Structure formats: structure tokens, C-alpha cells
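Reproduced below: structure_23.cif, with mmCIF, C-alpha atoms.
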data_run
loop_
_atom_site.label_atom_id
_atom_site.label_comp_id
_atom_site.auth_asym_id
_atom_site.auth_seq_id
_atom_site.Cartn_x
_atom_site.Cartn_y
_atom_site.Cartn_z
CA GLY A 28 0.00 0.00 0.00
CA ALA A 29 2.61 2.56 1.04
CA ALA A 30 4.88 1.62 -1.86
CA ARG A 31 2.04 2.17 -4.31
CA ILE A 32 1.15 5.56 -2.84
CA VAL A 33 4.76 6.77 -2.82
CA ALA A 34 5.40 5.45 -6.34
CA ALA A 35 2.32 7.28 -7.62
CA GLU A 36 3.59 10.53 -6.14
CA ALA A 37 7.04 9.95 -7.72
CA PRO A 38 9.00 12.07 -5.24
CA ARG A 39 11.99 13.94 -6.64
CA ASP A 40 15.46 14.26 -5.17
CA VAL A 41 15.03 11.31 -2.80
CA ALA A 42 15.27 7.55 -3.16
CA VAL A 43 12.69 5.53 -1.24
CA HIS A 44 13.28 1.78 -0.94
CA PHE A 45 10.78 -0.77 0.34
CA VAL A 46 12.26 -4.01 1.64
CA SER A 47 9.79 -6.76 2.47
CA ALA A 48 10.87 -9.39 5.01
CA VAL A 49 8.29 -12.16 4.89
CA CYS A 50 8.48 -15.65 6.29
CA GLU A 51 6.36 -18.63 7.19
CA ASN A 52 6.74 -20.37 10.53
CA ALA A 53 6.63 -23.94 9.24
CA ILE A 54 8.11 -27.23 10.35
CA GLY A 55 10.96 -28.57 8.23
CA SER A 56 14.04 -30.72 8.58
CA ASN A 57 16.28 -27.75 7.77
CA SER A 58 14.61 -25.27 10.10
CA TYR A 59 16.51 -23.75 12.99
CA ARG A 60 16.14 -25.05 16.53
CA PRO A 61 16.44 -23.61 20.03
CA GLY A 62 20.13 -23.40 20.89
CA ASP A 63 21.25 -22.89 17.31
CA VAL A 64 23.52 -19.95 16.52
CA VAL A 65 22.73 -18.08 13.32
CA VAL A 66 25.21 -15.72 11.68
CA ALA A 67 23.51 -12.65 10.25
CA SER A 68 24.77 -11.12 7.02
CA ASN A 69 26.39 -8.29 8.98
CA GLY A 70 28.45 -10.86 10.91
CA LYS A 71 26.52 -10.68 14.19
CA THR A 72 25.85 -14.05 15.80
CA ILE A 73 22.37 -14.76 17.16
CA GLU A 74 21.40 -17.42 19.68
CA VAL A 75 17.99 -18.85 18.82
CA VAL A 76 15.88 -19.11 21.97
CA ASN A 77 12.38 -19.72 20.64
CA THR A 78 11.62 -20.60 17.04
CA ASP A 79 8.25 -18.84 17.27
CA ALA A 80 10.06 -15.49 17.20
CA GLU A 81 10.95 -15.89 13.52
CA GLY A 82 9.69 -12.47 12.48
CA ARG A 83 12.49 -10.56 14.15
CA MET A 84 15.04 -12.86 12.49
CA THR A 85 13.82 -12.01 8.99
CA LEU A 86 13.44 -8.35 9.94
CA ALA A 87 17.06 -8.32 11.12
CA ASP A 88 18.04 -9.75 7.74
CA ALA A 89 16.05 -7.02 5.98
CA LEU A 90 17.80 -4.34 8.04
CA CYS A 91 21.17 -5.81 7.06
CA TYR A 92 20.08 -5.64 3.42
CA ALA A 93 18.90 -2.05 3.87
CA ALA A 94 22.34 -1.14 5.20
CA LYS A 95 23.79 -1.91 1.77
CA LEU A 96 21.60 0.86 0.35
CA LYS A 97 23.28 3.38 2.71
CA PRO A 98 20.04 5.03 3.87
CA ASP A 99 19.75 8.20 5.89
CA ILE A 100 16.46 7.07 7.45
CA VAL A 101 15.17 3.58 8.16
CA ILE A 102 11.63 2.82 9.27
CA ASP A 103 10.68 -0.78 9.90
CA MET A 104 7.17 -2.02 10.59
CA ALA A 105 6.13 -5.47 11.73
CA THR A 106 3.41 -7.41 13.50
CA LEU A 107 6.09 -8.42 15.95
CA THR A 108 5.06 -9.04 19.54
CA GLY A 109 2.12 -10.08 21.65
CA GLY A 110 3.38 -7.64 24.26
CA GLN A 111 2.52 -4.75 21.95
CA VAL A 112 -1.03 -6.08 21.61
CA VAL A 113 -1.48 -6.19 25.39
CA ALA A 114 0.08 -2.76 25.95
CA MET A 115 -1.48 -0.78 23.11
CA GLY A 116 -4.78 -2.34 22.09
CA PRO A 117 -6.17 -2.05 18.56
CA ARG A 118 -5.70 1.69 17.96
CA TYR A 119 -1.96 2.26 18.50
CA GLY A 120 1.27 0.85 17.16
CA ALA A 121 4.31 0.94 19.43
CA LEU A 122 7.03 3.36 18.31
CA LEU A 123 10.70 3.07 19.25
CA GLY A 124 13.91 4.31 17.70
CA ASN A 125 17.18 6.19 17.99
CA ASP A 126 16.24 9.72 16.88
CA ASP A 127 13.76 11.85 18.81
CA ALA A 128 13.03 14.19 15.89
CA LEU A 129 12.20 11.26 13.61
CA LEU A 130 9.99 9.66 16.26
CA GLU A 131 8.11 12.93 16.66
CA LEU A 132 7.69 13.19 12.88
CA VAL A 133 6.31 9.64 12.73
CA GLN A 134 3.94 10.35 15.61
CA GLN A 135 2.68 13.54 13.94
CA SER A 136 2.24 11.66 10.67
CA GLY A 137 0.15 9.04 12.45
CA ARG A 138 -2.11 11.68 13.92
CA ALA A 139 -2.55 13.33 10.52
CA VAL A 140 -3.80 10.13 8.85
CA ASP A 141 -5.40 8.46 11.89
CA GLU A 142 -2.92 5.59 12.00
CA LEU A 143 -1.68 6.19 15.50
CA VAL A 144 1.60 5.30 17.17
CA TRP A 145 2.77 5.85 20.73
CA PRO A 146 6.40 5.90 21.87
CA LEU A 147 7.94 3.33 24.17
CA PRO A 148 11.39 3.81 25.70
CA LEU A 149 14.34 2.11 24.02
CA GLU A 150 15.69 1.11 27.43
CA HIS A 151 19.19 -0.26 26.95
CA GLU A 152 19.27 -1.64 30.47
CA TYR A 153 17.00 -4.39 29.11
CA CYS A 154 19.78 -5.57 26.79
CA ALA A 155 21.03 -7.58 29.76
CA HIS A 156 18.07 -9.93 29.25
CA MET A 157 19.42 -10.85 25.82
CA LYS A 158 23.04 -11.50 26.68
CA SER A 159 24.27 -14.81 25.36
CA GLU A 160 27.15 -17.00 26.40
CA ILE A 161 27.50 -18.49 22.92
CA ALA A 162 26.63 -15.60 20.57
CA ASP A 163 26.62 -11.82 20.32
CA VAL A 164 22.95 -11.65 21.29
CA LYS A 165 19.92 -13.80 22.04
CA HIS A 166 17.01 -13.06 19.78
CA LEU A 167 14.56 -13.16 22.67
CA GLY A 168 14.71 -11.98 26.27
CA GLY A 169 12.20 -12.61 29.03
CA ARG A 170 8.44 -12.11 29.24
CA GLN A 171 8.57 -8.52 30.48
CA GLY A 172 8.98 -5.58 28.13
CA VAL A 173 8.91 -7.82 25.07
CA ALA A 174 8.10 -5.05 22.58
CA ILE A 175 11.04 -3.03 23.88
CA GLU A 176 13.38 -6.01 23.85
CA ALA A 177 12.39 -6.84 20.27
CA ALA A 178 13.38 -3.32 19.22
CA LEU A 179 16.65 -3.60 21.14
CA PHE A 180 17.40 -6.81 19.27
CA LEU A 181 16.69 -5.14 15.92
CA GLU A 182 18.94 -2.20 16.83
CA HIS A 183 21.93 -4.54 16.39
CA PHE A 184 21.17 -4.58 12.65
CA VAL A 185 20.21 -0.96 11.96
CA PRO A 186 22.54 0.66 9.40
CA THR A 187 25.32 2.63 11.08
CA GLY A 188 24.53 6.33 11.22
CA ALA A 189 20.92 5.96 10.07
CA ARG A 190 18.03 7.63 11.82
CA TRP A 191 15.77 4.73 12.73
CA ALA A 192 12.19 4.18 13.80
CA HIS A 193 10.63 0.82 14.60
CA ILE A 194 6.85 0.34 14.61
CA ASP A 195 5.40 -2.78 16.21
CA MET A 196 1.89 -2.90 14.77
CA ALA A 197 0.78 -6.35 15.89
CA SER A 198 -2.51 -5.09 17.33
CA THR A 199 -3.54 -2.72 14.55
CA THR A 200 -3.68 -4.73 11.35
CA TRP A 201 -6.97 -6.62 11.72
CA ASP A 202 -10.49 -5.31 12.20
CA PHE A 203 -12.05 -8.02 14.34
CA LYS A 204 -15.52 -6.50 14.20
CA GLY A 205 -15.48 -6.22 10.43
CA GLY A 206 -13.47 -9.39 9.87
CA LYS A 207 -11.02 -7.73 7.49
CA PRO A 208 -7.52 -6.22 7.37
CA THR A 209 -7.19 -2.54 8.24
CA GLY A 210 -4.36 -1.59 5.90
CA TYR A 211 -2.67 0.06 8.87
CA GLY A 212 0.69 1.55 8.00
CA ALA A 213 0.20 2.39 4.34
CA LYS A 214 -1.05 5.92 4.89
CA LEU A 215 1.31 6.37 7.82
CA LEU A 216 4.45 5.56 5.84
CA ALA A 217 3.31 7.62 2.86
CA GLU A 218 2.73 10.60 5.17
CA VAL A 219 6.15 10.14 6.73
CA VAL A 220 7.77 10.22 3.28
CA HIS A 221 5.79 13.35 2.41
CA ARG A 222 6.95 15.12 5.58
CA VAL A 223 10.56 14.03 5.16
CA LEU A 224 10.50 15.49 1.64
CA GLU A 225 9.38 18.80 3.11
CA GLU A 226 12.53 18.77 5.25
CA VAL A 227 14.88 18.16 2.28
#
Could you render the structure as C-alpha cells?
Amino acid sequence: GAARIVAAEAPRDVAVHFVSAVCENAIGSNSYRPGDVVVASNGKTIEVVNTDAEGRMTLADALCYAAKLKPDIVIDMATLTGGQVVAMGPRYGALLGNDDALLELVQQSGRAVDELVWPLPLEHEYCAHMKSEIADVKHLGGRQGVAIEAALFLEHFVPTGARWAHIDMASTTWDFKGGKPTGYGAKLLAEVVHRVLEEV
């Protein structure tokens, strides 16, 4: 949705890339297992704790790919954690990142198009929950602060020097009353691109 909107507007003087990290959590003889160590394409080693947290693994891979494009700004969106669902309910995505001005821009964009986000702290003290004795990082911490810990895991793969925002939208993408997808995020990302262009 967002890619179609942005492509139709054909913004000048800026390159916008959309990287889609999709996966299926399926059983297979070659699938990874708890205790495995996976080497990401940026060289970081990841201890697999729970194979049900596959989304953050593919998202990490997408961030590594994005790094090759040398972006100034990276915004990732994912239906990532159950903790976001519990904390935010169906109206808000969780917003985390490394640049306050970008987070404010994303939040304002959400208000403008009624696809709301609310900031959570990127609390680096929680990184202790993901320390590994056999790898650079565990891909999963404990049961508390899971949306924050997921973002902290992803931060290991954010392109160096890039302004970064992470949106966990697990609770926002399905209209349970109407029994249909909401399309959440398409208008939000398009509005963010529009506002970034105004800054250029």
C-alpha cells in the first residue's frame, strides 16, 4: 500500500526503498532449533531461543540488506510481539527508535492520517536480558517488556549512522468487528515520506 502511494507521487530528489521481510513459521528438517547460533549477514551471531520469534530474524536480515543501500532514514514495521497487543490495544502501534526528531515526525504523521503510534522507551538496560554465552545476542529476552526487547534486538542490525524508527503494529492490522484487514501503516508511511521530503 505505502509503496504504491509513494510510487504514484514519484517524489523527486530522494530515493525511497521498500524491503519486504516475509516468512512462514513452518516445520521442516532444515529449520533452525532452540540453541542454534545463526550468523547474520552483517556478521553478528544470534542465539535462537524460541523458534516462534521468527519475524524478528527475517526483519534483522532485511535491516542488514537495507544497510547496503546506505540510507539516511530507516523505518521498519512489523506485526512483531504479543506484548505490543497487550500494551497498546487495537488503535496504536508501538514506536521506538534512535532519533527523537524522527519519532516525533512519525507520531505527527500518524495523527494526521489516523494511524496512530505511541512511543515506548528504548531502554538499553534491558539488553542484559538478551546477553548470550555463545553468541553476540539472544534473539529473545524474558516475558517482560517484550516489545522493547524486540526493538533492542533489531537495533543490532540498523545501518550505522541511520536515523531509525521501529513500529510494532501487531494489534492494529486486523479489524475483528469487520473481519477484514485494516491496511494500517500504508497511509502512515506515505505521510512520513511526504513530511521528510518537506525537510529536504
Selection near stretch 28-44 of chain A, 7 Å with all atoms listed in the file, sequence-local residues under 2 positions removed, as a list in words =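 Residues near the query, excluding close chain neighbours: Val46, Ala213, Lys214, Leu216 and Ala217 of chain A.
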Within-10 Å shell of (31.0, -1.3, 13.2) in input frame, all atoms listed in the file, as a count of residues only = 3
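Remark: for A:Ala178, the closest of the candidate residues A:Arg83, A:Lys204, A:Lys158, A:Arg222 is A:Arg83 (distances computed over all atoms listed in the file).
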Suppose you want the space between atom CA of A:Gly120 and atom CA of A:Ser68; what is it in Å?
-> 28.3 Å
Ground truth for the PyMOL selection byres ((chain A and resi 165) around 12), written as a PyMOL selection string | chain A and resi 61-66+71-78+80+83-84+154-164+166-169+176-177+179-181+183
Extract stretch 59-72 of chain A from the preceding block and save N, CA and C atoms as an mmCIF file, in the first residue's frame.
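Now in out_1.cif:
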data_model
loop_
_atom_site.group_PDB
_atom_site.id
_atom_site.type_symbol
_atom_site.label_atom_id
_atom_site.label_comp_id
_atom_site.auth_asym_id
_atom_site.auth_seq_id
_atom_site.Cartn_x
_atom_site.Cartn_y
_atom_site.Cartn_z
ATOM 1 N N TYR A 59 15.640 -23.937 11.831
ATOM 2 C CA TYR A 59 16.505 -23.750 12.991
ATOM 3 C C TYR A 59 15.812 -24.261 14.250
ATOM 4 N N ARG A 60 16.622 -24.475 15.283
ATOM 5 C CA ARG A 60 16.136 -25.052 16.529
ATOM 6 C C ARG A 60 16.632 -24.214 17.706
ATOM 7 N N PRO A 61 15.930 -24.288 18.839
ATOM 8 C CA PRO A 61 16.439 -23.606 20.029
ATOM 9 C C PRO A 61 17.862 -24.065 20.348
ATOM 10 N N GLY A 62 18.720 -23.107 20.622
ATOM 11 C CA GLY A 62 20.128 -23.399 20.893
ATOM 12 C C GLY A 62 21.025 -23.228 19.691
ATOM 13 N N ASP A 63 20.438 -23.146 18.498
ATOM 14 C CA ASP A 63 21.245 -22.890 17.307
ATOM 15 C C ASP A 63 21.816 -21.473 17.367
ATOM 16 N N VAL A 64 22.937 -21.279 16.694
ATOM 17 C CA VAL A 64 23.516 -19.954 16.522
ATOM 18 C C VAL A 64 23.499 -19.626 15.031
ATOM 19 N N VAL A 65 22.860 -18.539 14.707
ATOM 20 C CA VAL A 65 22.729 -18.083 13.323
ATOM 21 C C VAL A 65 23.645 -16.886 13.123
ATOM 22 N N VAL A 66 24.354 -16.860 12.001
ATOM 23 C CA VAL A 66 25.211 -15.721 11.681
ATOM 24 C C VAL A 66 24.464 -14.821 10.703
ATOM 25 N N ALA A 67 24.189 -13.606 11.126
ATOM 26 C CA ALA A 67 23.513 -12.647 10.252
ATOM 27 C C ALA A 67 24.473 -12.170 9.170
ATOM 28 N N SER A 68 23.919 -11.551 8.138
ATOM 29 C CA SER A 68 24.768 -11.125 7.019
ATOM 30 C C SER A 68 25.686 -9.967 7.382
ATOM 31 N N ASN A 69 25.452 -9.318 8.523
ATOM 32 C CA ASN A 69 26.391 -8.287 8.980
ATOM 33 C C ASN A 69 27.448 -8.866 9.922
ATOM 34 N N GLY A 70 27.444 -10.189 10.096
ATOM 35 C CA GLY A 70 28.451 -10.855 10.909
ATOM 36 C C GLY A 70 28.062 -11.079 12.354
ATOM 37 N N LYS A 71 26.971 -10.480 12.813
ATOM 38 C CA LYS A 71 26.520 -10.681 14.192
ATOM 39 C C LYS A 71 26.023 -12.117 14.356
ATOM 40 N N THR A 72 26.336 -12.709 15.507
ATOM 41 C CA THR A 72 25.847 -14.051 15.796
ATOM 42 C C THR A 72 24.647 -13.966 16.736
#
